[in-house]
file entry-v1.cif (mmCIF, C-alpha atoms)
data_query
loop_
_atom_site.group_PDB
_atom_site.id
_atom_site.type_symbol
_atom_site.label_atom_id
_atom_site.label_comp_id
_atom_site.auth_asym_id
_atom_site.auth_seq_id
_atom_site.Cartn_x
_atom_site.Cartn_y
_atom_site.Cartn_z
ATOM 1 C CA MET A 1 -0.831 16.137 16.096
ATOM 2 C CA ASP A 2 -3.670 14.785 13.937
ATOM 3 C CA THR A 3 -3.549 11.739 11.671
ATOM 4 C CA ALA A 4 -2.985 13.771 8.521
ATOM 5 C CA GLU A 5 0.193 15.309 9.961
ATOM 6 C CA ARG A 6 1.832 12.021 10.911
ATOM 7 C CA VAL A 7 3.621 9.576 8.663
ATOM 8 C CA LEU A 8 1.896 6.224 8.359
ATOM 9 C CA ALA A 9 3.614 2.983 7.371
ATOM 10 C CA TYR A 10 4.806 2.924 3.742
ATOM 11 C CA GLY A 11 4.828 6.728 3.590
ATOM 12 C CA GLY A 12 7.543 9.304 4.204
ATOM 13 C CA GLY A 13 10.197 7.600 2.100
ATOM 14 C CA TRP A 14 13.642 9.148 2.096
ATOM 15 C CA LEU A 15 14.028 9.246 -1.672
ATOM 16 C CA ASP A 16 13.960 12.259 -3.934
ATOM 17 C CA ARG A 17 11.996 10.699 -6.791
ATOM 18 C CA ALA A 18 13.910 12.945 -9.222
ATOM 19 C CA GLY A 19 11.257 13.034 -11.923
ATOM 20 C CA PRO A 20 13.364 14.905 -14.521
ATOM 21 C CA LEU A 21 15.967 12.112 -14.513
ATOM 22 C CA ARG A 22 13.363 9.612 -15.703
ATOM 23 C CA THR A 23 13.408 11.193 -19.161
ATOM 24 C CA ASP A 24 17.207 11.073 -19.447
ATOM 25 C CA PRO A 25 18.085 7.476 -20.408
ATOM 26 C CA THR A 26 21.738 8.330 -20.965
ATOM 27 C CA ARG A 27 22.109 9.637 -17.433
ATOM 28 C CA LEU A 28 20.188 6.683 -15.976
ATOM 29 C CA SER A 29 22.466 4.239 -17.777
ATOM 30 C CA ALA A 30 25.485 6.056 -16.378
ATOM 31 C CA LEU A 31 24.028 5.994 -12.850
ATOM 32 C CA LEU A 32 23.603 2.230 -13.071
ATOM 33 C CA THR A 33 27.378 1.845 -13.398
ATOM 34 C CA GLU A 34 28.398 4.197 -10.571
ATOM 35 C CA SER A 35 30.060 2.501 -7.608
ATOM 36 C CA THR A 36 27.754 4.171 -5.092
ATOM 37 C CA THR A 37 24.504 3.165 -6.796
ATOM 38 C CA VAL A 38 22.156 0.904 -4.830
ATOM 39 C CA VAL A 39 19.844 -1.678 -6.412
ATOM 40 C CA LEU A 40 17.017 -3.312 -4.445
ATOM 41 C CA PRO A 41 16.126 -6.832 -5.640
ATOM 42 C CA ILE A 42 12.463 -7.913 -5.539
ATOM 43 C CA TRP A 43 11.130 -11.397 -6.196
ATOM 44 C CA ARG A 44 7.416 -11.800 -7.005
ATOM 45 C CA ASP A 45 6.369 -8.878 -4.797
ATOM 46 C CA ARG A 46 8.637 -9.992 -1.957
ATOM 47 C CA SER A 47 11.794 -8.372 -0.620
ATOM 48 C CA LEU A 48 14.970 -10.431 -0.807
ATOM 49 C CA VAL A 49 16.622 -10.333 2.611
ATOM 50 C CA ASP A 50 19.752 -11.422 4.407
ATOM 51 C CA GLY A 51 20.365 -11.483 8.146
ATOM 52 C CA ASP A 52 20.299 -7.686 8.389
ATOM 53 C CA GLY A 53 17.155 -6.980 6.363
ATOM 54 C CA PRO A 54 16.469 -6.214 2.691
ATOM 55 C CA VAL A 55 19.468 -6.715 0.419
ATOM 56 C CA ARG A 56 21.000 -3.608 -1.135
ATOM 57 C CA LEU A 57 23.143 -4.517 -4.123
ATOM 58 C CA THR A 58 26.108 -2.485 -5.265
ATOM 59 C CA ALA A 59 26.333 -1.551 -8.920
ATOM 60 C CA GLU A 60 28.988 -4.224 -9.574
ATOM 61 C CA ARG A 61 26.854 -7.038 -8.156
ATOM 62 C CA ALA A 62 23.745 -5.578 -9.733
ATOM 63 C CA SER A 63 25.214 -5.712 -13.235
ATOM 64 C CA LEU A 64 25.184 -9.509 -12.983
ATOM 65 C CA VAL A 65 21.734 -9.588 -11.416
ATOM 66 C CA ARG A 66 20.215 -7.306 -14.058
ATOM 67 C CA SER A 67 21.089 -9.785 -16.793
ATOM 68 C CA ALA A 68 18.421 -12.068 -15.324
ATOM 69 C CA ALA A 69 15.985 -9.308 -14.428
ATOM 70 C CA GLY A 70 12.548 -8.781 -15.860
ATOM 71 C CA GLU A 71 12.704 -5.035 -15.314
ATOM 72 C CA THR A 72 15.035 -2.501 -13.758
ATOM 73 C CA VAL A 73 13.360 0.699 -12.554
ATOM 74 C CA PHE A 74 14.708 3.969 -11.235
ATOM 75 C CA LEU A 75 13.282 4.830 -7.811
ATOM 76 C CA GLY A 76 15.093 8.082 -7.104
ATOM 77 C CA LEU A 77 18.026 9.645 -5.298
ATOM 78 C CA ASP A 78 19.168 9.215 -1.718
ATOM 79 C CA GLY A 79 21.216 12.396 -1.547
ATOM 80 C CA ASP A 80 23.688 11.850 -4.385
ATOM 81 C CA VAL A 81 23.160 8.083 -4.471
ATOM 82 C CA ALA A 82 20.921 6.624 -7.178
ATOM 83 C CA VAL A 83 18.508 3.905 -6.085
ATOM 84 C CA PHE A 84 17.039 1.347 -8.501
ATOM 85 C CA ALA A 85 14.950 -1.785 -8.092
ATOM 86 C CA VAL A 86 15.302 -4.973 -10.085
ATOM 87 C CA ASP A 87 12.685 -7.711 -10.629
ATOM 88 C CA LEU A 88 13.930 -11.293 -10.347
ATOM 89 C CA SER A 89 10.497 -12.898 -10.612
ATOM 90 C CA ALA A 90 11.465 -14.968 -13.658
ATOM 91 C CA LEU A 91 13.753 -17.055 -11.448
ATOM 92 C CA THR A 92 12.896 -19.535 -8.735
ATOM 93 C CA GLU A 93 13.035 -18.143 -5.221
ATOM 94 C CA GLN A 94 16.230 -20.057 -4.494
ATOM 95 C CA ALA A 95 17.933 -18.885 -7.674
ATOM 96 C CA ALA A 96 16.870 -15.282 -7.074
ATOM 97 C CA ALA A 97 18.149 -15.399 -3.492
ATOM 98 C CA GLU A 98 21.486 -16.896 -4.511
ATOM 99 C CA MET A 99 21.976 -14.372 -7.296
ATOM 100 C CA ALA A 100 21.217 -11.467 -4.942
ATOM 101 C CA GLY A 101 23.225 -12.856 -2.042
ATOM 102 C CA ALA A 102 20.068 -13.188 0.048
ATOM 103 C CA ARG A 103 18.779 -15.903 2.350
ATOM 104 C CA ARG A 104 15.116 -15.810 1.407
ATOM 105 C CA SER A 105 12.212 -13.622 0.335
ATOM 106 C CA VAL A 106 9.809 -11.913 2.741
ATOM 107 C CA ASP A 107 6.656 -9.841 2.284
ATOM 108 C CA VAL A 108 7.471 -6.255 3.223
ATOM 109 C CA ARG A 109 4.382 -6.242 5.461
ATOM 110 C CA ALA A 110 6.104 -8.828 7.631
ATOM 111 C CA LEU A 111 9.233 -6.665 7.793
ATOM 112 C CA VAL A 112 7.673 -3.282 8.480
ATOM 113 C CA GLY A 113 8.041 -3.503 12.263
ATOM 114 C CA ARG A 114 11.788 -4.114 11.920
ATOM 115 C CA LEU A 115 12.528 -1.459 9.305
ATOM 116 C CA GLU A 116 12.942 2.266 9.567
ATOM 117 C CA PRO A 117 9.777 3.914 8.166
ATOM 118 C CA GLY A 118 11.595 5.316 5.141
ATOM 119 C CA ASP A 119 13.118 1.931 4.315
ATOM 120 C CA ALA A 120 9.714 0.246 4.487
ATOM 121 C CA ALA A 121 8.305 2.956 2.231
ATOM 122 C CA VAL A 122 10.976 2.412 -0.416
ATOM 123 C CA GLN A 123 10.590 -1.371 -0.333
ATOM 124 C CA ALA A 124 6.837 -0.973 -0.814
ATOM 125 C CA TYR A 125 7.414 1.553 -3.624
ATOM 126 C CA ALA A 126 9.709 -0.895 -5.426
ATOM 127 C CA ARG A 127 7.238 -3.733 -4.915
ATOM 128 C CA GLY A 128 4.305 -1.761 -6.306
ATOM 129 C CA LEU A 129 6.128 -0.443 -9.361
ATOM 130 C CA LEU A 130 7.556 -3.814 -10.354
ATOM 131 C CA HIS A 131 4.200 -5.521 -9.803
ATOM 132 C CA TRP A 132 2.644 -3.091 -12.279
ATOM 133 C CA HIS A 133 5.285 -3.915 -14.897
ATOM 134 C CA ARG A 134 4.525 -7.628 -14.653
ATOM 135 C CA GLN A 135 0.801 -6.969 -15.037
ATOM 136 C CA GLN A 136 1.030 -4.427 -17.883
ATOM 137 C CA ARG A 137 2.849 -6.370 -20.577
ATOM 138 C CA TYR A 138 0.451 -5.384 -23.338
ATOM 139 C CA CYS A 139 -1.512 -2.358 -24.404
ATOM 140 C CA GLY A 140 -5.114 -2.537 -23.275
ATOM 141 C CA THR A 141 -6.259 -0.631 -26.369
ATOM 142 C CA CYS A 142 -4.687 -2.509 -29.284
ATOM 143 C CA GLY A 143 -3.067 -5.547 -27.643
ATOM 144 C CA ALA A 144 0.461 -4.806 -28.858
ATOM 145 C CA PRO A 145 3.393 -5.405 -26.502
ATOM 146 C CA ALA A 146 4.271 -2.477 -24.221
ATOM 147 C CA VAL A 147 7.858 -1.620 -23.317
ATOM 148 C CA SER A 148 9.286 0.117 -20.271
ATOM 149 C CA ASP A 149 10.177 3.781 -20.597
ATOM 150 C CA GLY A 150 10.692 6.826 -18.378
ATOM 151 C CA GLY A 151 12.986 5.038 -15.958
ATOM 152 C CA GLY A 152 10.285 2.434 -15.394
ATOM 153 C CA HIS A 153 7.470 4.870 -14.666
ATOM 154 C CA VAL A 154 5.662 4.493 -17.979
ATOM 155 C CA ARG A 155 5.181 1.749 -20.546
ATOM 156 C CA THR A 156 4.798 2.601 -24.214
ATOM 157 C CA CYS A 157 2.637 0.651 -26.631
ATOM 158 C CA THR A 158 4.664 -0.614 -29.614
ATOM 159 C CA GLY A 159 1.651 -0.736 -31.927
ATOM 160 C CA GLY A 160 2.495 1.506 -34.852
ATOM 161 C CA GLU A 161 -0.908 3.190 -35.053
ATOM 162 C CA CYS A 162 -1.457 3.330 -31.314
ATOM 163 C CA GLY A 163 1.644 4.219 -29.285
ATOM 164 C CA ARG A 164 -0.417 4.730 -26.138
ATOM 165 C CA LEU A 165 1.426 5.715 -22.963
ATOM 166 C CA LEU A 166 0.522 3.491 -20.009
ATOM 167 C CA PHE A 167 1.060 4.712 -16.456
ATOM 168 C CA PRO A 168 0.975 2.813 -13.156
ATOM 169 C CA ARG A 169 -2.540 2.351 -11.840
ATOM 170 C CA ILE A 170 -3.508 3.637 -8.417
ATOM 171 C CA GLU A 171 -6.647 2.156 -6.850
ATOM 172 C CA PRO A 172 -8.077 4.545 -4.228
ATOM 173 C CA ALA A 173 -10.090 3.128 -1.352
ATOM 174 C CA ILE A 174 -11.792 4.799 1.584
ATOM 175 C CA ILE A 175 -11.601 3.513 5.152
ATOM 176 C CA VAL A 176 -13.933 4.976 7.735
ATOM 177 C CA LEU A 177 -14.365 5.208 11.478
ATOM 178 C CA VAL A 178 -18.103 5.706 11.950
ATOM 179 C CA GLU A 179 -19.269 7.215 15.246
ATOM 180 C CA ALA A 180 -22.736 6.741 16.702
ATOM 181 C CA PRO A 181 -25.022 9.789 16.812
ATOM 182 C CA GLY A 182 -25.068 11.969 19.901
ATOM 183 C CA ALA A 183 -22.530 11.790 22.711
ATOM 184 C CA SER A 184 -22.645 8.028 23.302
ATOM 185 C CA GLY A 185 -18.937 7.507 22.628
ATOM 186 C CA ARG A 186 -19.360 4.483 20.369
ATOM 187 C CA CYS A 187 -17.876 3.508 17.012
ATOM 188 C CA LEU A 188 -18.973 0.961 14.429
ATOM 189 C CA LEU A 189 -16.797 -2.059 13.674
ATOM 190 C CA ALA A 190 -17.634 -5.001 11.435
ATOM 191 C CA ARG A 191 -16.610 -8.581 10.831
ATOM 192 C CA HIS A 192 -15.811 -9.104 7.188
ATOM 193 C CA ALA A 193 -16.442 -12.235 5.151
ATOM 194 C CA GLY A 194 -13.603 -14.687 5.732
ATOM 195 C CA ALA A 195 -12.512 -13.039 8.978
ATOM 196 C CA PRO A 196 -12.199 -15.157 12.140
ATOM 197 C CA GLU A 197 -14.881 -15.050 14.815
ATOM 198 C CA ASP A 198 -14.669 -11.922 16.970
ATOM 199 C CA ALA A 199 -12.335 -10.190 14.479
ATOM 200 C CA TYR A 200 -13.689 -6.686 13.944
ATOM 201 C CA SER A 201 -12.331 -3.771 11.938
ATOM 202 C CA THR A 202 -13.383 -0.468 10.454
ATOM 203 C CA LEU A 203 -15.385 -0.320 7.233
ATOM 204 C CA ALA A 204 -13.754 0.266 3.859
ATOM 205 C CA GLY A 205 -14.370 0.102 0.133
ATOM 206 C CA PHE A 206 -13.043 1.114 -3.269
ATOM 207 C CA VAL A 207 -13.883 4.410 -4.939
ATOM 208 C CA GLU A 208 -15.911 4.027 -8.125
ATOM 209 C CA VAL A 209 -15.678 5.904 -11.430
ATOM 210 C CA GLY A 210 -17.281 9.345 -11.299
ATOM 211 C CA GLU A 211 -17.341 9.374 -7.505
ATOM 212 C CA SER A 212 -15.688 11.687 -4.996
ATOM 213 C CA LEU A 213 -14.018 10.258 -1.922
ATOM 214 C CA GLU A 214 -16.810 11.605 0.278
ATOM 215 C CA ASP A 215 -19.428 10.097 -2.023
ATOM 216 C CA ALA A 216 -17.675 6.749 -1.722
ATOM 217 C CA VAL A 217 -17.821 6.963 2.068
ATOM 218 C CA ARG A 218 -21.562 7.572 2.032
ATOM 219 C CA ARG A 219 -22.253 4.855 -0.545
ATOM 220 C CA GLU A 220 -20.102 2.171 1.055
ATOM 221 C CA MET A 221 -21.507 2.733 4.531
ATOM 222 C CA ALA A 222 -25.040 2.509 3.169
ATOM 223 C CA GLU A 223 -24.398 -0.531 0.960
ATOM 224 C CA GLU A 224 -22.403 -2.639 3.389
ATOM 225 C CA ALA A 225 -23.866 -1.702 6.769
ATOM 226 C CA GLY A 226 -27.143 0.054 5.999
ATOM 227 C CA VAL A 227 -25.847 3.160 7.761
ATOM 228 C CA THR A 228 -26.498 6.717 6.598
ATOM 229 C CA VAL A 229 -23.624 9.007 7.582
ATOM 230 C CA THR A 230 -22.997 12.719 7.767
ATOM 231 C CA HIS A 231 -20.094 14.970 8.837
ATOM 232 C CA VAL A 232 -17.638 13.090 6.579
ATOM 233 C CA THR A 233 -14.186 14.367 7.560
ATOM 234 C CA TYR A 234 -10.816 13.555 6.025
ATOM 235 C CA GLN A 235 -8.230 12.154 8.471
ATOM 236 C CA GLY A 236 -5.238 11.157 6.370
ATOM 237 C CA SER A 237 -4.010 8.891 3.582
ATOM 238 C CA GLN A 238 -1.672 5.954 3.285
ATOM 239 C CA ALA A 239 0.253 4.395 0.437
ATOM 240 C CA TRP A 240 -0.821 0.752 0.213
ATOM 241 C CA PRO A 241 0.915 -0.807 -2.804
ATOM 242 C CA PHE A 242 -0.484 -4.293 -2.209
ATOM 243 C CA PRO A 243 -0.694 -4.208 -5.129
ATOM 244 C CA ALA A 244 -1.762 -0.646 -6.025
ATOM 245 C CA GLY A 245 -3.888 0.863 -3.291
ATOM 246 C CA LEU A 246 -4.141 4.309 -1.798
ATOM 247 C CA MET A 247 -6.037 4.193 1.502
ATOM 248 C CA VAL A 248 -7.864 7.412 2.390
ATOM 249 C CA GLY A 249 -9.066 7.638 5.975
ATOM 250 C CA PHE A 250 -12.220 9.397 7.136
ATOM 251 C CA ARG A 251 -14.455 9.848 10.119
ATOM 252 C CA ALA A 252 -18.188 10.076 9.760
ATOM 253 C CA THR A 253 -21.217 10.236 12.056
ATOM 254 C CA ALA A 254 -24.196 7.914 11.665
ATOM 255 C CA THR A 255 -27.656 9.463 11.637
ATOM 256 C CA SER A 256 -29.109 6.554 13.650
ATOM 257 C CA ASP A 257 -28.037 3.458 15.600
ATOM 258 C CA GLU A 258 -29.641 1.090 13.110
ATOM 259 C CA VAL A 259 -27.269 -1.310 11.331
ATOM 260 C CA ARG A 260 -28.151 -3.704 8.487
ATOM 261 C CA VAL A 261 -25.164 -5.588 7.086
ATOM 262 C CA ASP A 262 -25.243 -6.829 3.506
ATOM 263 C CA GLY A 263 -24.412 -10.422 4.486
ATOM 264 C CA GLU A 264 -21.866 -10.671 1.685
ATOM 265 C CA GLU A 265 -18.917 -8.394 2.371
ATOM 266 C CA LEU A 266 -19.909 -7.894 6.011
ATOM 267 C CA LEU A 267 -21.217 -10.708 8.183
ATOM 268 C CA GLU A 268 -21.990 -8.589 11.217
ATOM 269 C CA ALA A 269 -21.434 -5.100 12.600
ATOM 270 C CA ARG A 270 -21.887 -3.636 16.038
ATOM 271 C CA TRP A 271 -21.206 -0.541 18.086
ATOM 272 C CA PHE A 272 -18.252 -0.564 20.494
ATOM 273 C CA THR A 273 -17.594 1.769 23.395
ATOM 274 C CA ARG A 274 -14.110 2.995 24.158
ATOM 275 C CA ALA A 275 -14.074 0.846 27.292
ATOM 276 C CA GLU A 276 -14.858 -2.256 25.235
ATOM 277 C CA LEU A 277 -12.065 -1.522 22.785
ATOM 278 C CA ARG A 278 -9.592 -0.913 25.609
ATOM 279 C CA ASP A 279 -10.587 -4.277 27.095
ATOM 280 C CA ARG A 280 -9.915 -5.918 23.743
ATOM 281 C CA VAL A 281 -6.465 -4.346 23.584
ATOM 282 C CA ALA A 282 -5.741 -5.440 27.164
ATOM 283 C CA SER A 283 -6.658 -9.020 26.249
ATOM 284 C CA GLY A 284 -4.094 -9.044 23.439
ATOM 285 C CA ARG A 285 -6.269 -8.245 20.432
ATOM 286 C CA THR A 286 -5.028 -5.678 17.940
ATOM 287 C CA LEU A 287 -7.098 -2.829 16.569
ATOM 288 C CA GLY A 288 -6.818 -3.414 12.838
ATOM 289 C CA ARG A 289 -3.464 -4.088 11.177
ATOM 290 C CA VAL A 290 -0.693 -2.369 13.103
ATOM 291 C CA ASP A 291 0.806 -1.064 9.839
ATOM 292 C CA ALA A 292 -2.492 0.218 8.445
ATOM 293 C CA ILE A 293 -4.385 3.478 8.725
ATOM 294 C CA ASP A 294 -7.390 1.848 10.443
ATOM 295 C CA HIS A 295 -5.169 1.148 13.457
ATOM 296 C CA ARG A 296 -4.308 4.855 13.596
ATOM 297 C CA LEU A 297 -7.946 5.893 13.231
ATOM 298 C CA LEU A 298 -8.932 3.713 16.181
ATOM 299 C CA GLU A 299 -5.973 4.793 18.308
ATOM 300 C CA ASP A 300 -6.826 8.444 17.774
ATOM 301 C CA TRP A 301 -10.476 7.845 18.617
ATOM 302 C CA LEU A 302 -9.571 6.042 21.850
ATOM 303 C CA ALA A 303 -7.213 8.844 22.865
ATOM 304 C CA GLU A 304 -10.083 11.348 22.797
ATOM 305 C CA GLY A 305 -12.086 9.907 25.650
#
call {"tool": "encode", "arguments": {"input": "entry-v1.cif", "output": "structure tokens"}}
result
Amino acid sequence: MDTAERVLAYGGGWLDRAGPLRTDPTRLSALLTESTTVVLPIWRDRSLVDGDGPVRLTAERASLVRSAAGETVFLGLDGDVAVFAVDLSALTEQAAAEMAGARRSVDVRALVGRLEPGDAAVQAYARGLLHWHRQQRYCGTCGAPAVSDGGGHVRTCTGGECGRLLFPRIEPAIIVLVEAPGASGRCLLARHAGAPEDAYSTLAGFVEVGESLEDAVRREMAEEAGVTVTHVTYQGSQAWPFPAGLMVGFRATATSDEVRVDGEELLEARWFTRAELRDRVASGRTLGRVDAIDHRLLEDWLAEG
């Protein structure tokens, strides 16, 4: 099975996002009072957890929590059960935890190894949507306040002559496993600015306006590492709402062995053989973040030879 066919961390959530319900405020209000409804509390981009994992509030408990909430958003349906998320960022961490019946707050990236994939996906979804609400308080066109609408999936400008609809931003980025030319069995990894010594990862960068994903691959590899690439091939994508990313994985082949790092984003880059990467794994080093698509790209490459 190739990378594109497998579910990566923060993908494959179990919710039906139920888009048509977002435009039915009467039905959403009714769902918030149903005894089976689940509400996920989030505090400043962090999941509120108890001893068993992320807290899932019942509608009765949630009605008290929502009185202190910045926003309540509709995430979707789990079968017949409505699932919402509530933002308690206006409170202190202790107050938010006490109100939600939680022990503390934890970044979902620290929880992902202990959660079912679908649960991690929904926690990340809630985190990303509520983060956007906190950052999009005002209209970027006229400066008037913007209010939540569409079940929390749109904000509407309140400026009388504007009324612009504001939607959550998605920031696409490419991440690339670059192979050396020929049959040498080597891939290019780099040490990024701020990374510890001997910490190498694949190359990545954000997509710019007016640029295709493949164009971004070619530009970023040239700008950061001085590498011209060809045979740019899509491998898969990953939701990365930290805060609003979409990671799009590629493979590409360099046209030469020459590498010239920019000295700003990348401090060094070098070619690794599969044997060298296996030795690094055996010594306890990880290949990229275990919850990120670069880990999968490297695992797949190692499995081929």
call {"tool": "resolve_selection", "arguments": {"input": "entry-v1.cif", "expression": "the PyMOL selection byres ((chain A and resi 292) around 10)", "output": "JSON, numbers by chain"}}
result
{"A": [8, 9, 10, 109, 238, 239, 240, 247, 287, 288, 289, 290, 291, 293, 294, 295, 296, 297]}
call {"tool": "residues_around", "arguments": {"input": "entry-v1.cif", "residues": "Glu98 (chain A)", "least_positions_apart": "3", "cutoff": "12 Å", "atoms": "only C-alpha atoms", "output": "PyMOL selection string"}}
result
chain A and resi 41+43+48-50+55+61+64-65+88+91-95+101-105
call {"tool": "atom_distance", "arguments": {"input": "entry-v1.cif", "atom1": "CA of Ile42 (chain A)", "atom2": "CA of Gly245 (chain A)"}}
result
18.7 Å
call {"tool": "resolve_selection", "arguments": {"input": "entry-v1.cif", "expression": "the PyMOL selection byres ((chain A and resi 259) around 7)", "output": "list in words"}}
result
Ala225, Gly226, Val227, Asp257, Glu258, Arg260 and Val261 of chain A
call {"tool": "resolve_selection", "arguments": {"input": "entry-v1.cif", "expression": "the PyMOL selection byres ((chain A and resi 57) around 10)", "output": "list in words"}}
result
Thr36, Thr37, Val38, Val39, Leu40, Pro41, Pro54, Val55, Arg56, Thr58, Ala59, Glu60, Arg61, Ala62, Ser63, Val65, Val83, Phe84, Ala85, Val86, Ala100 and Gly101 of chain A
call {"tool": "atom_distance", "arguments": {"input": "entry-v1.cif", "atom1": "CA of Val281 (chain A)", "atom2": "CA of Pro241 (chain A)"}}
result
27.6 Å
call {"tool": "atom_distance", "arguments": {"input": "entry-v1.cif", "atom1": "CA of Gly13 (chain A)", "atom2": "CA of Ser67 (chain A)"}}
result
27.9 Å
call {"tool": "residues_around", "arguments": {"input": "entry-v1.cif", "residues": "Arg270 (chain A)", "least_positions_apart": "3", "cutoff": "7 Å", "atoms": "all atoms listed in the file", "output": "ChimeraX atom specification"}}
result
/A:188-190
call {"tool": "closest_residue", "arguments": {"input": "entry-v1.cif", "among": "A:Thr23, A:Thr233, A:Thr228, A:Thr255", "to": "Leu177 (chain A)", "atoms": "all atoms listed in the file"}}
result
A:Thr233
call {"tool": "residues_around", "arguments": {"input": "entry-v1.cif", "residues": "Glu171 (chain A)", "least_positions_apart": "3", "cutoff": "8 Å", "atoms": "all atoms listed in the file", "output": "list in words"}}
result
Phe206, Val207, Ala244, Gly245 and Leu246 of chain A
call {"tool": "axis_aligned_box", "arguments": {"input": "entry-v1.cif", "around": "region 182-201 of chain A", "padding_each_side": "4 Å", "output": "AutoDock Vina command-line options"}}
result
--center_x -18.6 --center_y -1.6 --center_z 14.2 --size_x 20.9 --size_y 35.1 --size_z 26.2
call {"tool": "residues_around", "arguments": {"input": "entry-v1.cif", "residues": "Glu161 (chain A)", "least_positions_apart": "6", "cutoff": "12 Å", "atoms": "only C-alpha atoms", "output": "PyMOL selection string"}}
result
chain A and resi 141-144
call {"tool": "closest_residue", "arguments": {"input": "entry-v1.cif", "among": "A:Val229, A:Ala124, A:Ala275, A:Ala269", "to": "Asp215 (chain A)", "atoms": "all atoms listed in the file"}}
result
A:Val229
call {"tool": "closest_residue", "arguments": {"input": "entry-v1.cif", "among": "A:Leu111, A:Ala199, A:Val81, A:Ala146", "to": "Leu165 (chain A)", "atoms": "all atoms listed in the file"}}
result
A:Ala146
call {"tool": "closest_residue", "arguments": {"input": "entry-v1.cif", "among": "A:Leu267, A:Val232, A:Leu32, A:Val147", "to": "Thr253 (chain A)", "atoms": "only C-alpha atoms"}}
result
A:Val232
call {"tool": "closest_residue", "arguments": {"input": "entry-v1.cif", "among": "A:Asp262, A:Asp80, A:Asp149, A:Glu116", "to": "Gly12 (chain A)", "atoms": "all atoms listed in the file"}}
result
A:Glu116
call {"tool": "closest_residue", "arguments": {"input": "entry-v1.cif", "among": "A:Glu211, A:Glu197, A:Asp16, A:Asp300", "to": "Gly79 (chain A)", "atoms": "all atoms listed in the file"}}
result
A:Asp16
call {"tool": "residues_around", "arguments": {"input": "entry-v1.cif", "residues": "Glu214 (chain A)", "least_positions_apart": "2", "cutoff": "9 Å", "atoms": "only C-alpha atoms", "output": "ChimeraX atom specification"}}
result
/A:174,211-212,216-219,232-234,250
call {"tool": "write_last_selection", "arguments": {"input": "entry-v1.cif", "atoms": "C-alpha atoms", "output": "compact mmCIF listing (two decimals), in the coordinates of the input"}}
result
# COMPACT_ATOMS: atom_id res chain seq x y z
CA ILE A 174 -11.79 4.80 1.58
CA GLU A 211 -17.34 9.37 -7.50
CA SER A 212 -15.69 11.69 -5.00
CA ALA A 216 -17.68 6.75 -1.72
CA VAL A 217 -17.82 6.96 2.07
CA ARG A 218 -21.56 7.57 2.03
CA ARG A 219 -22.25 4.86 -0.55
CA VAL A 232 -17.64 13.09 6.58
CA THR A 233 -14.19 14.37 7.56
CA TYR A 234 -10.82 13.56 6.02
CA PHE A 250 -12.22 9.40 7.14
call {"tool": "decode", "arguments": {"input": "entry-v1.cif", "residues": "region 293-301 of chain A", "atoms": "N, CA, C and O atoms", "output": "mmCIF file, in the first residue's frame"}}
result
data_model
loop_
_atom_site.group_PDB
_atom_site.id
_atom_site.type_symbol
_atom_site.label_atom_id
_atom_site.label_comp_id
_atom_site.auth_asym_id
_atom_site.auth_seq_id
_atom_site.Cartn_x
_atom_site.Cartn_y
_atom_site.Cartn_z
ATOM 1 N N ILE A 293 4.276 13.301 8.256
ATOM 2 C CA ILE A 293 4.384 12.625 6.972
ATOM 3 C C ILE A 293 5.834 12.379 6.564
ATOM 4 O O ILE A 293 6.128 11.430 5.835
ATOM 5 N N ASP A 294 6.794 13.200 7.056
ATOM 6 C CA ASP A 294 8.185 12.947 6.674
ATOM 7 C C ASP A 294 8.672 11.615 7.214
ATOM 8 O O ASP A 294 9.469 10.924 6.571
ATOM 9 N N HIS A 295 8.188 11.219 8.380
ATOM 10 C CA HIS A 295 8.527 9.899 8.932
ATOM 11 C C HIS A 295 8.054 8.800 7.987
ATOM 12 O O HIS A 295 8.779 7.829 7.714
ATOM 13 N N ARG A 296 6.833 8.953 7.457
ATOM 14 C CA ARG A 296 6.295 7.958 6.532
ATOM 15 C C ARG A 296 7.075 7.942 5.220
ATOM 16 O O ARG A 296 7.356 6.871 4.659
ATOM 17 N N LEU A 297 7.443 9.107 4.723
ATOM 18 C CA LEU A 297 8.219 9.168 3.486
ATOM 19 C C LEU A 297 9.538 8.418 3.632
ATOM 20 O O LEU A 297 9.957 7.661 2.739
ATOM 21 N N LEU A 298 10.204 8.609 4.761
ATOM 22 C CA LEU A 298 11.489 7.946 4.985
ATOM 23 C C LEU A 298 11.315 6.448 5.222
ATOM 24 O O LEU A 298 12.106 5.635 4.733
ATOM 25 N N GLU A 299 10.288 6.075 5.960
ATOM 26 C CA GLU A 299 10.020 4.646 6.168
ATOM 27 C C GLU A 299 9.778 3.929 4.847
ATOM 28 O O GLU A 299 10.293 2.826 4.615
ATOM 29 N N ASP A 300 8.970 4.531 3.996
ATOM 30 C CA ASP A 300 8.678 3.917 2.703
ATOM 31 C C ASP A 300 9.935 3.785 1.857
ATOM 32 O O ASP A 300 10.137 2.777 1.165
ATOM 33 N N TRP A 301 10.766 4.824 1.877
ATOM 34 C CA TRP A 301 12.002 4.787 1.094
ATOM 35 C C TRP A 301 12.935 3.680 1.602
ATOM 36 O O TRP A 301 13.519 2.932 0.809
#
